[in-house]
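Each remark here refers to the structure printed beneath this line.
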Amino acid sequence: MPPQLFDLVAATATTRDFRTRPSEPDLAGARDRALLLIGFFSALRCSELCALTVDNVLPHQRGRTLVIPSSKTNQRGEQTELVVLPYASHPDACPVRALDAWLQLSGITEGPLLRRVSTGNRPAPTGLHRASVNRRITELAAAAGHAEQGYSPHSLRAGFVTWAHLRGASDREIAAQTRHRSLASVGGYVRVQTAWSSNAATNMGL
């Protein structure tokens, strides 16, 4: 969680240099910024983060709404789960701006949202998987001087819960975003028009 989260964001690459062509914005760095900030604010499980597609991202005046067709606690997809991704007041901490920058630079308009990037600085057709997410977080933690913390993909979800508690969010507000089974009955079924009400992600102070 902050400020360590932003140390990792700052450790992402911004420019990739080549011998035979001009320098370009580093796509892997743009993806990593989106990965870290979306992973934290959305509090998604790693499997859910990797499974996101462009079609799962819906526009909203306050950010984006992520549609989670199935999850660990909703494996048959009997209920469409919704997660909000709000604008942050600081551009460098904003998951929506990071997502938009990644999509614009990569040219991705359909299919997997977060993808591998080739050595030639081009997005692959396939999405990330847990092992690659874990590797990137580990590498960025090392680059940011936090390797001893032992961060993993789950650190983003756990960090959200901890930070939200420190910010005074109630269990119900946190459950609205994390969709924990033990708290789901308190928040009830979250519809598109109410997903942005009483939700911890909109009160992060970032």
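In the structure tokens, the first chain shown is A, the next is B, and so on; residue numbers restart at 1 for each chain, and ligands run from 1 in the order shown.
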
Close residues, A:Arg33 itself excluded, 7 Å, only C-alpha atoms, min 5 positions apart in chain, as a PDB file with all heavy atoms, in the first residue's frame:
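Output file selection09.pdb follows:
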```pdb
ATOM      1  N   VAL A   9       5.509   1.909  -8.578  1.00  0.00           N
ATOM      2  CA  VAL A   9       5.041   2.600  -9.789  1.00  0.00           C
ATOM      3  C   VAL A   9       6.167   3.448 -10.372  1.00  0.00           C
ATOM      4  O   VAL A   9       6.391   3.467 -11.589  1.00  0.00           O
ATOM      5  CB  VAL A   9       3.817   3.484  -9.472  1.00  0.00           C
ATOM      6  CG1 VAL A   9       3.465   4.373 -10.666  1.00  0.00           C
ATOM      7  CG2 VAL A   9       2.614   2.613  -9.099  1.00  0.00           C
ATOM      8  N   THR A  12       8.835   1.710 -12.611  1.00  0.00           N
ATOM      9  CA  THR A  12       8.509   1.191 -13.941  1.00  0.00           C
ATOM     10  C   THR A  12       9.251   1.983 -15.010  1.00  0.00           C
ATOM     11  O   THR A  12       9.519   3.175 -14.856  1.00  0.00           O
ATOM     12  CB  THR A  12       7.000   1.269 -14.212  1.00  0.00           C
ATOM     13  OG1 THR A  12       6.573   2.644 -14.121  1.00  0.00           O
ATOM     14  CG2 THR A  12       6.224   0.425 -13.200  1.00  0.00           C
ATOM     15  N   ALA A  98      -3.736   5.460 -15.890  1.00  0.00           N
ATOM     16  CA  ALA A  98      -2.739   4.438 -16.213  1.00  0.00           C
ATOM     17  C   ALA A  98      -3.313   3.439 -17.220  1.00  0.00           C
ATOM     18  O   ALA A  98      -2.629   3.014 -18.155  1.00  0.00           O
ATOM     19  CB  ALA A  98      -2.286   3.722 -14.950  1.00  0.00           C
TER      20      ALA A  98
END
```

With only C-alpha atoms counted and 9 Å as the cut-off, give the residues of stretch 109-137 of chain A in contact with stretch 34-55 of chain A, each with its shortest interatomic distance in Å and the pair that gives it, as CSV.
```
residue,atom,partner,partner_atom,distance
A:Thr109,CA,A:Val54,CA,6.6
A:Glu110,CA,A:Val54,CA,5.2
A:Gly111,CA,A:Thr53,CA,5.3
A:Pro112,CA,A:Thr53,CA,4.3
A:Leu113,CA,A:Thr53,CA,4.6
A:Leu114,CA,A:Cys50,CA,6.6
A:Arg115,CA,A:Cys50,CA,8.4
A:Gly127,CA,A:Cys50,CA,6.5
A:Leu128,CA,A:Cys50,CA,5.5
A:His129,CA,A:Cys50,CA,5.8
A:Arg130,CA,A:Cys46,CA,6.3
A:Val133,CA,A:Cys46,CA,7.9
A:Ile137,CA,A:Leu36,CA,8.1
```

Pull N, CA, C and O atoms from the residues just selected and write them as an mmCIF file, in the first residue's frame.
```cif
data_model
loop_
_atom_site.group_PDB
_atom_site.id
_atom_site.type_symbol
_atom_site.label_atom_id
_atom_site.label_comp_id
_atom_site.auth_asym_id
_atom_site.auth_seq_id
_atom_site.Cartn_x
_atom_site.Cartn_y
_atom_site.Cartn_z
ATOM 1 N N THR A 109 -7.672 -2.841 -28.534
ATOM 2 C CA THR A 109 -9.085 -2.450 -28.575
ATOM 3 C C THR A 109 -10.013 -3.611 -28.264
ATOM 4 O O THR A 109 -11.218 -3.406 -28.095
ATOM 5 N N GLU A 110 -9.479 -4.827 -28.176
ATOM 6 C CA GLU A 110 -10.291 -5.989 -27.857
ATOM 7 C C GLU A 110 -9.394 -7.088 -27.295
ATOM 8 O O GLU A 110 -8.172 -7.023 -27.390
ATOM 9 N N GLY A 111 -10.024 -8.086 -26.711
ATOM 10 C CA GLY A 111 -9.263 -9.205 -26.167
ATOM 11 C C GLY A 111 -8.699 -8.920 -24.793
ATOM 12 O O GLY A 111 -9.177 -8.025 -24.080
ATOM 13 N N PRO A 112 -7.661 -9.690 -24.376
ATOM 14 C CA PRO A 112 -7.082 -9.536 -23.038
ATOM 15 C C PRO A 112 -6.646 -8.104 -22.772
ATOM 16 O O PRO A 112 -6.074 -7.436 -23.644
ATOM 17 N N LEU A 113 -6.904 -7.633 -21.554
ATOM 18 C CA LEU A 113 -6.584 -6.246 -21.202
ATOM 19 C C LEU A 113 -5.102 -6.066 -20.893
ATOM 20 O O LEU A 113 -4.447 -5.177 -21.445
ATOM 21 N N LEU A 114 -4.558 -6.900 -20.014
ATOM 22 C CA LEU A 114 -3.153 -6.803 -19.606
ATOM 23 C C LEU A 114 -2.374 -7.927 -20.273
ATOM 24 O O LEU A 114 -2.675 -9.099 -20.053
ATOM 25 N N ARG A 115 -1.386 -7.571 -21.084
ATOM 26 C CA ARG A 115 -0.708 -8.559 -21.923
ATOM 27 C C ARG A 115 0.809 -8.533 -21.765
ATOM 28 O O ARG A 115 1.384 -7.564 -21.272
ATOM 29 N N GLY A 127 -2.845 -12.790 -22.830
ATOM 30 C CA GLY A 127 -2.818 -12.040 -21.583
ATOM 31 C C GLY A 127 -1.767 -12.536 -20.614
ATOM 32 O O GLY A 127 -1.128 -13.575 -20.834
ATOM 33 N N LEU A 128 -1.585 -11.789 -19.538
ATOM 34 C CA LEU A 128 -0.669 -12.187 -18.476
ATOM 35 C C LEU A 128 -1.242 -13.367 -17.700
ATOM 36 O O LEU A 128 -2.442 -13.613 -17.712
ATOM 37 N N HIS A 129 -0.371 -14.100 -17.013
ATOM 38 C CA HIS A 129 -0.811 -15.140 -16.090
ATOM 39 C C HIS A 129 -0.155 -14.894 -14.740
ATOM 40 O O HIS A 129 0.720 -14.023 -14.606
ATOM 41 N N ARG A 130 -0.584 -15.642 -13.741
ATOM 42 C CA ARG A 130 -0.152 -15.362 -12.371
ATOM 43 C C ARG A 130 1.372 -15.344 -12.225
ATOM 44 O O ARG A 130 1.929 -14.473 -11.553
ATOM 45 N N VAL A 133 2.779 -12.093 -13.539
ATOM 46 C CA VAL A 133 2.439 -10.976 -12.653
ATOM 47 C C VAL A 133 3.315 -11.018 -11.411
ATOM 48 O O VAL A 133 3.842 -10.000 -10.967
ATOM 49 N N ILE A 137 5.997 -8.024 -10.255
ATOM 50 C CA ILE A 137 5.905 -7.367 -8.954
ATOM 51 C C ILE A 137 7.191 -7.578 -8.156
ATOM 52 O O ILE A 137 7.697 -6.658 -7.510
#
```

Show me, as a list in words, the residues that have an atom within 6 Å of stretch 56-71 of chain A when counting only C-alpha atoms, minus same-chain residues fewer than 5 positions from it.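 The residues satisfying every condition are Gly77, Thr80, Glu81, Leu82, Val83, Val84, Leu85, Pro86 and Tyr87 of chain A.
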
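With atom CA of A:Arg179 on one side and atom CA of A:Pro153 on the other, the separation reads 17.1 Å.
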
So which residues touch stretch 138-144 of chain A within 10 Å, counting only C-alpha atoms, skipping near sequence neighbours fewer than 2 positions away, as a ChimeraX atom specification? /A:4-13,32,36,132-136,146-153

Taking only stretch 36-182 of chain A into account, list the residues labelled alpha helix (DSSP H) by DSSP (computed from the backbone), as number ranges by chain. A: 36-42, 46-51, 95-106, 130-143, 154-166, 171-178, 181-182

Take the residues just selected and output them with C-alpha atoms as a compact mmCIF listing (two decimals), in the first residue's frame.
```
# COMPACT_ATOMS: atom_id res chain seq x y z
CA LEU A 36 -0.09 -2.03 -10.13
CA LEU A 37 -2.70 0.72 -9.87
CA ILE A 38 -5.62 -1.31 -11.20
CA GLY A 39 -4.58 -4.22 -9.00
CA PHE A 40 -4.56 -2.03 -5.90
CA PHE A 41 -7.68 0.06 -6.46
CA SER A 42 -9.79 -2.81 -7.79
CA CYS A 46 -4.70 -12.15 -9.45
CA SER A 47 -6.69 -14.64 -11.54
CA GLU A 48 -9.43 -12.03 -12.03
CA LEU A 49 -6.91 -9.36 -12.96
CA CYS A 50 -5.32 -11.61 -15.57
CA ALA A 51 -8.71 -12.60 -16.98
CA PRO A 95 -5.59 3.74 -12.16
CA VAL A 96 -7.91 5.10 -14.86
CA ARG A 97 -5.23 7.31 -16.40
CA ALA A 98 -2.74 4.44 -16.21
CA LEU A 99 -5.23 2.14 -17.95
CA ASP A 100 -6.01 4.68 -20.67
CA ALA A 101 -2.30 5.33 -21.29
CA TRP A 102 -1.61 1.59 -21.63
CA LEU A 103 -4.47 1.08 -24.08
CA GLN A 104 -3.52 4.11 -26.12
CA LEU A 105 0.16 3.20 -26.38
CA SER A 106 -0.47 -0.49 -27.06
CA ARG A 130 -0.15 -15.36 -12.37
CA ALA A 131 3.50 -16.36 -12.71
CA SER A 132 4.30 -13.39 -14.95
CA VAL A 133 2.44 -10.98 -12.65
CA ASN A 134 4.33 -12.35 -9.66
CA ARG A 135 7.62 -11.97 -11.52
CA ARG A 136 6.93 -8.36 -12.47
CA ILE A 137 5.91 -7.37 -8.95
CA THR A 138 8.99 -9.08 -7.53
CA GLU A 139 11.26 -7.33 -10.03
CA LEU A 140 9.67 -3.94 -9.43
CA ALA A 141 9.88 -4.39 -5.67
CA ALA A 142 13.58 -5.10 -6.03
CA ALA A 143 14.07 -2.07 -8.28
CA HIS A 154 -1.96 -10.80 -3.40
CA SER A 155 -0.12 -7.88 -1.79
CA LEU A 156 -2.16 -5.47 -3.92
CA ARG A 157 -5.50 -6.87 -2.70
CA ALA A 158 -4.30 -7.10 0.91
CA GLY A 159 -2.84 -3.61 0.66
CA PHE A 160 -6.18 -2.21 -0.46
CA VAL A 161 -7.97 -3.75 2.52
CA THR A 162 -5.36 -2.50 4.99
CA TRP A 163 -5.26 1.01 3.52
CA ALA A 164 -9.05 1.22 3.40
CA HIS A 165 -9.26 0.24 7.07
CA LEU A 166 -6.69 2.90 7.94
CA ASP A 171 -16.29 -3.63 6.45
CA ARG A 172 -19.37 -3.17 4.29
CA GLU A 173 -17.62 -0.56 2.13
CA ILE A 174 -14.58 -2.76 1.75
CA ALA A 175 -16.71 -5.79 0.91
CA ALA A 176 -18.41 -3.81 -1.84
CA GLN A 177 -15.06 -3.73 -3.61
CA THR A 178 -13.35 -6.96 -2.56
CA ARG A 181 -17.79 -14.10 0.83
CA SER A 182 -18.03 -13.48 4.57
```
